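Okay, protein26.cif is below, mmCIF, C-alpha atoms:
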```
data_coords
loop_
_atom_site.label_atom_id
_atom_site.label_comp_id
_atom_site.auth_asym_id
_atom_site.auth_seq_id
_atom_site.Cartn_x
_atom_site.Cartn_y
_atom_site.Cartn_z
CA GLU G 124 91.24 185.74 331.39
CA ARG G 125 89.51 185.55 334.75
CA THR G 126 86.03 186.86 335.19
CA PRO G 127 86.16 190.29 336.94
CA GLY G 128 85.57 189.86 340.66
CA ALA G 129 86.18 186.11 340.60
CA ALA G 130 88.19 184.69 343.50
CA ASN G 131 91.77 183.76 342.76
CA ALA G 132 92.11 179.98 343.14
CA CYS G 133 94.89 178.70 345.38
CA PRO G 134 97.80 177.10 343.51
CA GLN G 135 98.34 173.49 344.52
CA ALA G 136 101.89 172.22 345.08
CA ARG G 137 102.32 168.61 344.04
CA ALA G 138 105.48 166.52 343.71
CA ALA G 139 105.85 163.73 341.19
CA VAL G 140 107.65 161.66 343.84
CA ASP G 141 107.29 162.43 347.54
CA GLU G 142 109.57 159.78 349.03
CA PHE G 143 113.06 158.65 348.02
CA ASN G 144 115.16 155.85 349.49
CA VAL G 145 118.73 156.33 348.32
CA LEU G 146 122.39 155.86 349.18
CA PRO G 147 124.59 158.71 350.42
CA LEU G 148 126.07 160.64 347.45
CA ASP G 149 123.16 159.75 345.16
CA THR G 150 121.43 162.47 343.13
CA VAL G 151 117.67 163.03 343.35
CA VAL G 152 115.52 164.77 340.74
CA LEU G 153 112.89 166.91 342.45
CA ASP G 154 109.89 167.35 340.17
CA GLY G 155 107.01 169.73 340.85
CA GLY G 156 105.53 169.24 337.39
CA PRO G 157 102.18 167.89 338.66
CA SER G 158 101.50 171.19 340.50
CA ILE G 159 98.31 172.99 339.46
CA ASP G 160 97.05 176.56 339.26
CA GLN G 161 93.44 176.34 338.18
CA ASP G 162 93.29 179.85 336.75
CA GLY G 163 96.88 180.05 335.51
CA ILE G 164 98.16 179.77 331.98
CA ASP G 165 97.97 176.08 331.03
CA HIS G 166 96.75 175.55 334.61
CA LYS G 167 100.33 175.87 335.86
CA PRO G 168 101.98 178.04 338.55
CA VAL G 169 104.62 180.57 337.49
CA SER G 170 107.12 179.82 340.27
CA TYR G 171 108.41 176.63 341.91
CA GLU G 172 110.64 176.90 344.98
CA TRP G 173 112.21 173.91 346.70
CA VAL G 174 112.98 174.64 350.37
CA ILE G 175 114.98 172.44 352.77
CA VAL G 176 112.97 172.04 355.96
CA ASP G 177 115.29 169.57 357.69
CA SER G 178 118.55 167.79 356.90
CA PRO G 179 121.35 165.93 358.71
CA ASP G 180 123.67 168.15 360.74
CA GLY G 181 126.58 169.21 358.56
CA SER G 182 124.80 168.86 355.23
CA ILE G 183 125.48 171.76 352.85
CA SER G 184 123.61 170.48 349.79
CA ARG G 185 120.96 172.70 348.22
CA PRO G 186 118.55 172.22 345.32
CA ILE G 187 120.22 173.45 342.12
CA GLU G 188 119.25 173.76 338.47
CA ALA G 189 122.12 171.69 337.06
CA PHE G 190 125.58 170.47 338.02
CA HIS G 191 128.70 172.23 336.81
CA ASN G 192 130.05 168.72 336.26
CA PRO G 193 127.55 165.84 336.49
CA ALA G 194 130.44 163.48 337.25
CA ASP G 195 131.37 165.60 340.28
CA PRO G 196 128.13 166.78 341.95
CA ALA G 197 130.05 167.82 345.08
CA ASN G 198 131.13 170.97 343.21
CA GLY G 199 127.52 172.11 342.85
CA GLY G 200 126.04 174.23 340.11
CA PRO G 201 123.85 177.25 339.37
CA GLU G 202 121.03 178.10 341.75
CA ASP G 203 117.66 176.51 341.16
CA ASP G 204 115.60 178.38 338.56
CA HIS G 205 112.20 178.96 340.16
CA ALA G 206 110.60 179.25 336.74
CA THR G 207 111.13 175.52 336.16
CA PRO G 208 109.39 172.79 338.19
CA THR G 209 112.47 170.57 338.52
CA ALA G 210 115.65 170.78 340.58
CA LEU G 211 118.59 168.49 341.28
CA PHE G 212 119.63 167.56 344.80
CA TRP G 213 122.90 165.85 345.72
CA VAL G 214 122.45 163.76 348.88
CA ASP G 215 125.73 164.58 350.59
CA LEU G 216 125.23 162.75 353.91
CA ALA G 217 123.51 159.72 355.34
CA GLY G 218 120.31 160.62 357.15
CA THR G 219 116.86 162.08 356.56
CA TYR G 220 116.06 165.15 354.48
CA THR G 221 112.72 166.94 354.31
CA LEU G 222 112.04 169.38 351.47
CA GLU G 223 108.98 171.49 350.76
CA LEU G 224 107.77 172.61 347.36
CA ARG G 225 106.19 176.06 347.33
CA VAL G 226 104.45 177.24 344.18
CA THR G 227 103.20 180.73 343.32
CA ASP G 228 100.64 181.94 340.78
CA ARG G 229 100.90 184.99 338.52
CA LEU G 230 99.13 187.19 341.08
CA GLY G 231 101.65 186.35 343.81
CA LEU G 232 99.47 183.94 345.78
CA ASP G 233 101.52 180.98 346.99
CA SER G 234 100.71 177.52 348.23
CA ILE G 235 101.96 178.35 351.74
CA ALA G 236 99.32 181.08 352.18
CA CYS G 237 96.81 178.48 351.08
CA ASP G 238 98.27 175.91 353.51
CA ASN G 239 98.94 173.58 350.61
CA PRO G 240 102.63 172.58 350.54
CA ALA G 241 104.08 169.45 348.98
CA ILE G 242 106.49 167.59 351.25
CA VAL G 243 109.28 165.37 349.91
CA THR G 244 111.28 163.03 352.16
CA ILE G 245 114.69 161.65 351.25
CA GLU G 246 116.06 158.79 353.33
CA ALA G 247 119.75 158.10 352.69
CA VAL G 248 120.95 154.85 354.26
CA PRO G 249 124.46 153.45 353.64
CA ASP G 250 124.50 149.82 352.55
CA GLU G 251 128.03 148.99 353.68
CA ALA G 252 128.93 147.18 356.89
CA ILE G 253 131.03 150.19 357.97
CA HIS G 254 130.36 153.75 356.77
CA VAL G 255 132.46 156.50 358.38
CA GLN G 256 131.48 160.09 357.73
CA LEU G 257 133.42 163.33 358.30
CA VAL G 258 132.03 166.84 357.99
CA TRP G 259 133.43 170.06 359.39
CA GLN G 260 132.59 173.69 359.95
CA THR G 261 135.18 176.45 359.78
CA PRO G 262 134.16 179.67 361.57
CA GLY G 263 136.70 181.68 359.54
CA ASP G 264 135.20 180.58 356.22
CA PRO G 265 132.23 182.79 355.24
CA ASP G 266 131.13 180.51 352.37
CA GLU G 267 131.75 176.80 352.79
CA THR G 268 130.05 176.00 349.49
CA ASP G 269 132.61 177.78 347.30
CA LEU G 270 135.89 176.39 345.98
CA SER G 271 138.14 177.61 348.78
CA GLY G 272 138.36 176.62 352.43
CA SER G 273 140.06 174.46 355.04
CA ASP G 274 141.15 170.89 354.32
CA LEU G 275 140.53 168.08 356.79
CA ASP G 276 141.17 164.42 355.95
CA LEU G 277 139.38 161.32 357.17
CA HIS G 278 141.42 158.21 358.01
CA LEU G 279 140.51 154.57 358.68
CA ARG G 280 143.44 152.54 360.03
CA HIS G 281 143.72 148.76 359.69
CA PRO G 282 144.09 146.76 362.94
CA LEU G 283 147.58 145.61 361.92
CA ALA G 284 148.86 149.15 361.27
CA ARG G 285 151.52 150.41 363.62
CA ARG G 286 151.08 154.07 362.74
CA TRP G 287 148.96 156.56 360.81
CA PHE G 288 149.89 157.39 357.19
CA ALA G 289 151.14 153.83 356.67
CA ASN G 290 150.51 153.43 352.95
CA LEU G 291 149.35 149.83 353.09
CA ASN G 292 147.23 150.02 356.21
CA ASP G 293 145.79 153.53 356.38
CA CYS G 294 142.88 154.46 354.10
CA TYR G 295 142.90 158.22 353.37
CA TYR G 296 143.30 160.62 350.45
CA ALA G 297 146.79 159.36 349.50
CA ASN G 298 145.65 155.74 349.71
CA PRO G 299 141.94 155.80 348.86
CA GLN G 300 141.52 152.05 348.19
CA PRO G 301 144.18 149.96 349.90
CA ASP G 302 144.27 146.20 349.43
CA TRP G 303 143.10 144.76 352.75
CA GLY G 304 141.85 141.31 353.66
CA GLN G 305 142.24 138.77 350.87
CA PRO G 306 144.95 140.02 348.46
CA GLY G 307 143.55 141.09 345.11
CA ASN G 308 139.91 140.96 346.25
CA PRO G 309 138.39 144.47 346.04
CA GLY G 310 135.23 143.32 347.82
CA ASP G 311 136.95 143.48 351.22
CA ASP G 312 138.85 146.74 350.63
CA PRO G 313 137.89 150.13 352.13
CA THR G 314 137.25 153.06 349.81
CA LEU G 315 137.40 156.81 350.32
CA ASP G 316 134.69 158.23 348.10
CA ILE G 317 135.55 161.96 348.20
CA ASP G 318 138.69 163.93 349.07
CA ASP G 319 137.20 167.32 349.90
CA THR G 320 139.93 169.98 349.94
CA ASN G 321 137.94 173.20 350.24
CA GLY G 322 135.84 173.02 353.35
CA ALA G 323 132.88 171.36 355.05
CA GLY G 324 133.11 167.89 353.51
CA PRO G 325 131.78 165.31 353.41
CA GLU G 326 134.44 162.66 353.28
CA ASN G 327 133.24 159.07 353.65
CA ILE G 328 135.10 155.79 353.99
CA ASN G 329 133.19 152.58 353.31
CA LEU G 330 134.08 148.98 354.10
CA ASN G 331 131.79 146.14 353.03
CA HIS G 332 133.51 143.13 354.56
CA PRO G 333 135.43 143.97 357.73
CA GLU G 334 137.93 141.49 359.13
CA ASN G 335 137.65 139.90 362.54
CA THR G 336 139.35 142.36 364.87
CA GLN G 337 139.36 139.83 367.70
CA ALA G 338 141.50 137.50 365.60
CA LEU G 339 143.74 140.38 364.52
CA GLY G 340 144.20 141.54 368.10
CA ALA G 341 143.26 145.20 367.60
CA PRO G 342 140.33 147.32 366.35
CA TYR G 343 139.99 149.55 363.32
CA LEU G 344 140.83 153.16 364.20
CA VAL G 345 139.08 156.29 362.88
CA GLY G 346 141.06 159.52 362.74
CA VAL G 347 140.93 163.08 361.40
CA HIS G 348 143.97 165.04 360.19
CA TYR G 349 143.97 168.81 359.74
CA TYR G 350 145.83 168.74 356.45
CA ASP G 351 145.87 172.48 355.82
CA ALA G 352 144.22 175.52 357.38
CA VAL G 353 145.60 177.72 354.57
CA ASP G 354 143.81 177.67 351.23
CA ARG G 355 146.24 176.68 348.48
CA GLN G 356 144.62 178.95 345.90
CA THR G 357 144.01 182.14 347.89
CA GLY G 358 146.54 181.88 350.73
CA VAL G 359 143.82 182.65 353.28
CA ASP G 360 144.39 181.10 356.72
CA TYR G 361 140.98 179.90 357.91
CA GLY G 362 142.11 179.02 361.42
CA HIS G 363 140.49 176.33 363.52
CA ALA G 364 137.82 173.96 362.23
CA MET G 365 135.12 171.99 364.03
CA ALA G 366 135.05 168.32 362.98
CA ARG G 367 132.13 165.94 363.31
CA VAL G 368 132.49 162.20 362.79
CA ARG G 369 129.65 159.71 362.54
CA ILE G 370 130.03 155.95 362.22
CA PHE G 371 127.27 153.83 360.70
CA LEU G 372 127.32 150.06 361.12
CA ASN G 373 125.05 147.97 358.90
CA GLY G 374 123.13 151.10 357.92
CA GLU G 375 122.46 152.32 361.46
CA LEU G 376 124.11 155.24 363.24
CA ALA G 377 126.30 153.51 365.83
CA TRP G 378 128.47 156.38 367.10
CA GLU G 379 129.07 160.09 366.98
CA TYR G 380 131.15 162.36 369.15
CA THR G 381 129.15 163.61 372.15
CA ASP G 382 129.53 165.74 375.26
CA ALA G 383 129.18 164.54 378.85
CA ASP G 384 125.39 164.66 378.55
CA GLY G 385 125.37 162.52 375.42
CA ASP G 386 124.54 165.38 373.05
CA PRO G 387 126.31 165.41 369.65
CA ARG G 388 129.13 167.92 369.37
CA SER G 389 132.13 168.83 367.27
CA ARG G 390 135.83 168.35 368.02
CA GLU G 391 137.95 171.47 367.56
CA MET G 392 140.85 170.96 365.16
CA GLU G 393 143.14 173.84 366.05
CA ASP G 394 145.63 174.08 363.20
CA THR G 395 147.48 172.47 360.31
CA GLY G 396 149.09 169.15 361.18
CA HIS G 397 146.96 168.38 364.21
CA PHE G 398 145.45 164.89 364.48
CA TRP G 399 142.39 163.51 366.28
CA GLU G 400 142.00 159.82 366.98
CA ALA G 401 138.25 159.70 367.32
CA ALA G 402 137.04 156.14 367.79
CA GLU G 403 137.76 152.45 367.37
CA ILE G 404 135.57 149.87 365.65
CA HIS G 405 135.35 146.26 366.83
CA TRP G 406 134.13 143.54 364.46
CA PRO G 407 132.14 141.26 364.29
CA GLU G 408 130.63 142.68 367.49
CA ALA G 409 129.72 145.82 365.51
CA ARG G 410 130.80 147.91 368.47
CA VAL G 411 132.33 151.41 368.53
CA GLU G 412 134.28 152.87 371.44
CA THR G 413 135.37 156.49 371.89
CA VAL G 414 139.12 157.21 371.86
CA ASP G 415 139.23 161.02 371.67
CA ARG G 416 143.02 161.39 371.61
CA TYR G 417 144.30 164.67 370.19
CA SER G 418 147.86 165.45 369.11
CA ARG G 419 149.48 168.68 367.90
#
```

Would you put the structure from the file into structure tokens?
Amino acid sequence: ERTPGAANACPQARAAVDEFNVLPLDTVVLDGGPSIDQDGIDHKPVSYEWVIVDSPDGSISRPIEAFHNPADPANGGPEDDHATPTALFWVDLAGTYTLELRVTDRLGLDSIACDNPAIVTIEAVPDEAIHVQLVWQTPGDPDETDLSGSDLDLHLRHPLARRWFANLNDCYYANPQPDWGQPGNPGDDPTLDIDDTNGAGPENINLNHPENTQALGAPYLVGVHYYDAVDRQTGVDYGHAMARVRIFLNGELAWEYTDADGDPRSREMEDTGHFWEAAEIHWPEARVETVDRYSR
């Protein structure tokens, strides 16, 4: 019990870890357990809220209490329970995330009113030589975090490929780990890590040991296919989608689609079956050039 007339002490938000260096698609445990409320029961706040302050464009991850399926964190889970100090966060994209922990005491006083937040930074840096990322936004989809939505597919085409959808030389959902480079050596093969079929993405393709495109006579090509605007479960036609592609080389952002002023923008994918050839990658120069060729 507090002494009548005594001032209510400000709750203090504290994170067990305030900086994470991870890979894209890793899971982070956010822990506000060290937070203090001097005049609370057991000196603890009654509410812990994790708020995203900043995240890479296109990220849809949110702090949650648990995963529906820990082996498939992309499908999310129940909302974060503010009564517990911990939350799980799936790092869906490469880039920097900033989260703020806000705690509240039993009288409703929170750490923000006391100017006492706890800031957590997550830095997600790919460790592959080539990391290609696709996310998209569908204006006709009111909830891009649910299990229905538009389906776009990311493609990475080998320099020797003569066409897209060539099973041996196009890495995409139907061929997620083709055998490139030295036969039978998985270390030089590309991999598609997620085939997202219900909106927003991400889809990433990684390649650790690219081949010499000068010797092969052509670059790698990055493309996006609008596989289906109609949801296969509900039959809803979501219409056009806005695709964003980013290419990281040796952990650094080397290219993204931009407007004439150099500002990042999305490429409209109008309907099912349409294809966008976005960019080409030259190796070992580690150089990306814009293609921007669209076909219906």

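One finds atom CA of Pro342 of chain G at 27.6 Å from atom CA of Asp215 of chain G.
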
Please list as a list in words every residue within 8 Å of Val248 of chain G, counting all atoms listed in the file and excluding residues in the same chain fewer than 5 positions away. Asn144, Val145, Leu146, Pro147, Ala217, Gly218, Gly374 and Glu375 of chain G

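Using the PyMOL selection byres ((chain G and resi 334) around 7) on the file at hand returns these residues: Gly304, His332, Pro333, Asn335, Thr336 and Trp406 of chain G.
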
Residue by residue, what does the PyMOL selection byres ((chain G and resi 395) around 7) grab here? Present the result as a ChimeraX atom specification. /G:349-352,394,396-397

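Selection by the PyMOL selection byres ((chain G and resi 184-192) around 7) on the present file picks out Trp173, Ser182, Ile183, Pro193, Ala194, Asp195, Pro196, Asn198, Gly199, Gly200, Pro201, Glu202, Asp203, Asp204, Ala210, Leu211, Phe212, Trp213, Val214 and Asp215 of chain G.
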
Requested write-out: C-alpha atoms of the selected residues, as a PDB file, in the frame of the given file:
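Full text of result.pdb as output:
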```pdb
ATOM      1  CA  TRP G 173     112.210 173.910 346.700  1.00  0.00           C
ATOM      2  CA  SER G 182     124.800 168.860 355.230  1.00  0.00           C
ATOM      3  CA  ILE G 183     125.480 171.760 352.850  1.00  0.00           C
ATOM      4  CA  PRO G 193     127.550 165.840 336.490  1.00  0.00           C
ATOM      5  CA  ALA G 194     130.440 163.480 337.250  1.00  0.00           C
ATOM      6  CA  ASP G 195     131.370 165.600 340.280  1.00  0.00           C
ATOM      7  CA  PRO G 196     128.130 166.780 341.950  1.00  0.00           C
ATOM      8  CA  ASN G 198     131.130 170.970 343.210  1.00  0.00           C
ATOM      9  CA  GLY G 199     127.520 172.110 342.850  1.00  0.00           C
ATOM     10  CA  GLY G 200     126.040 174.230 340.110  1.00  0.00           C
ATOM     11  CA  PRO G 201     123.850 177.250 339.370  1.00  0.00           C
ATOM     12  CA  GLU G 202     121.030 178.100 341.750  1.00  0.00           C
ATOM     13  CA  ASP G 203     117.660 176.510 341.160  1.00  0.00           C
ATOM     14  CA  ASP G 204     115.600 178.380 338.560  1.00  0.00           C
ATOM     15  CA  ALA G 210     115.650 170.780 340.580  1.00  0.00           C
ATOM     16  CA  LEU G 211     118.590 168.490 341.280  1.00  0.00           C
ATOM     17  CA  PHE G 212     119.630 167.560 344.800  1.00  0.00           C
ATOM     18  CA  TRP G 213     122.900 165.850 345.720  1.00  0.00           C
ATOM     19  CA  VAL G 214     122.450 163.760 348.880  1.00  0.00           C
ATOM     20  CA  ASP G 215     125.730 164.580 350.590  1.00  0.00           C
TER      21      ASP G 215
END
```

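Going from atom CA of Ser273 of chain G over to atom CA of Glu412 of chain G, you cover 27.7 Å.
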
Contacts of Arg225 of chain G at 6 Å (all atoms listed in the file; same-chain gap of 5+ positions) as a ChimeraX atom specification: /G:171-172,234,240

Output C-alpha atoms for every residue in that selection, as a compact mmCIF listing (two decimals), in the frame of the given file.
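File out-v2.txt, as written:
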```txt
# COMPACT_ATOMS: atom_id res chain seq x y z
CA TYR G 171 108.41 176.63 341.91
CA GLU G 172 110.64 176.90 344.98
CA SER G 234 100.71 177.52 348.23
CA PRO G 240 102.63 172.58 350.54
```

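Using all atoms listed in the file, the nearest neighbour of Asp276 of chain G within the list G:Leu216, G:Ala341, G:Arg367, G:Asp264 is G:Arg367.
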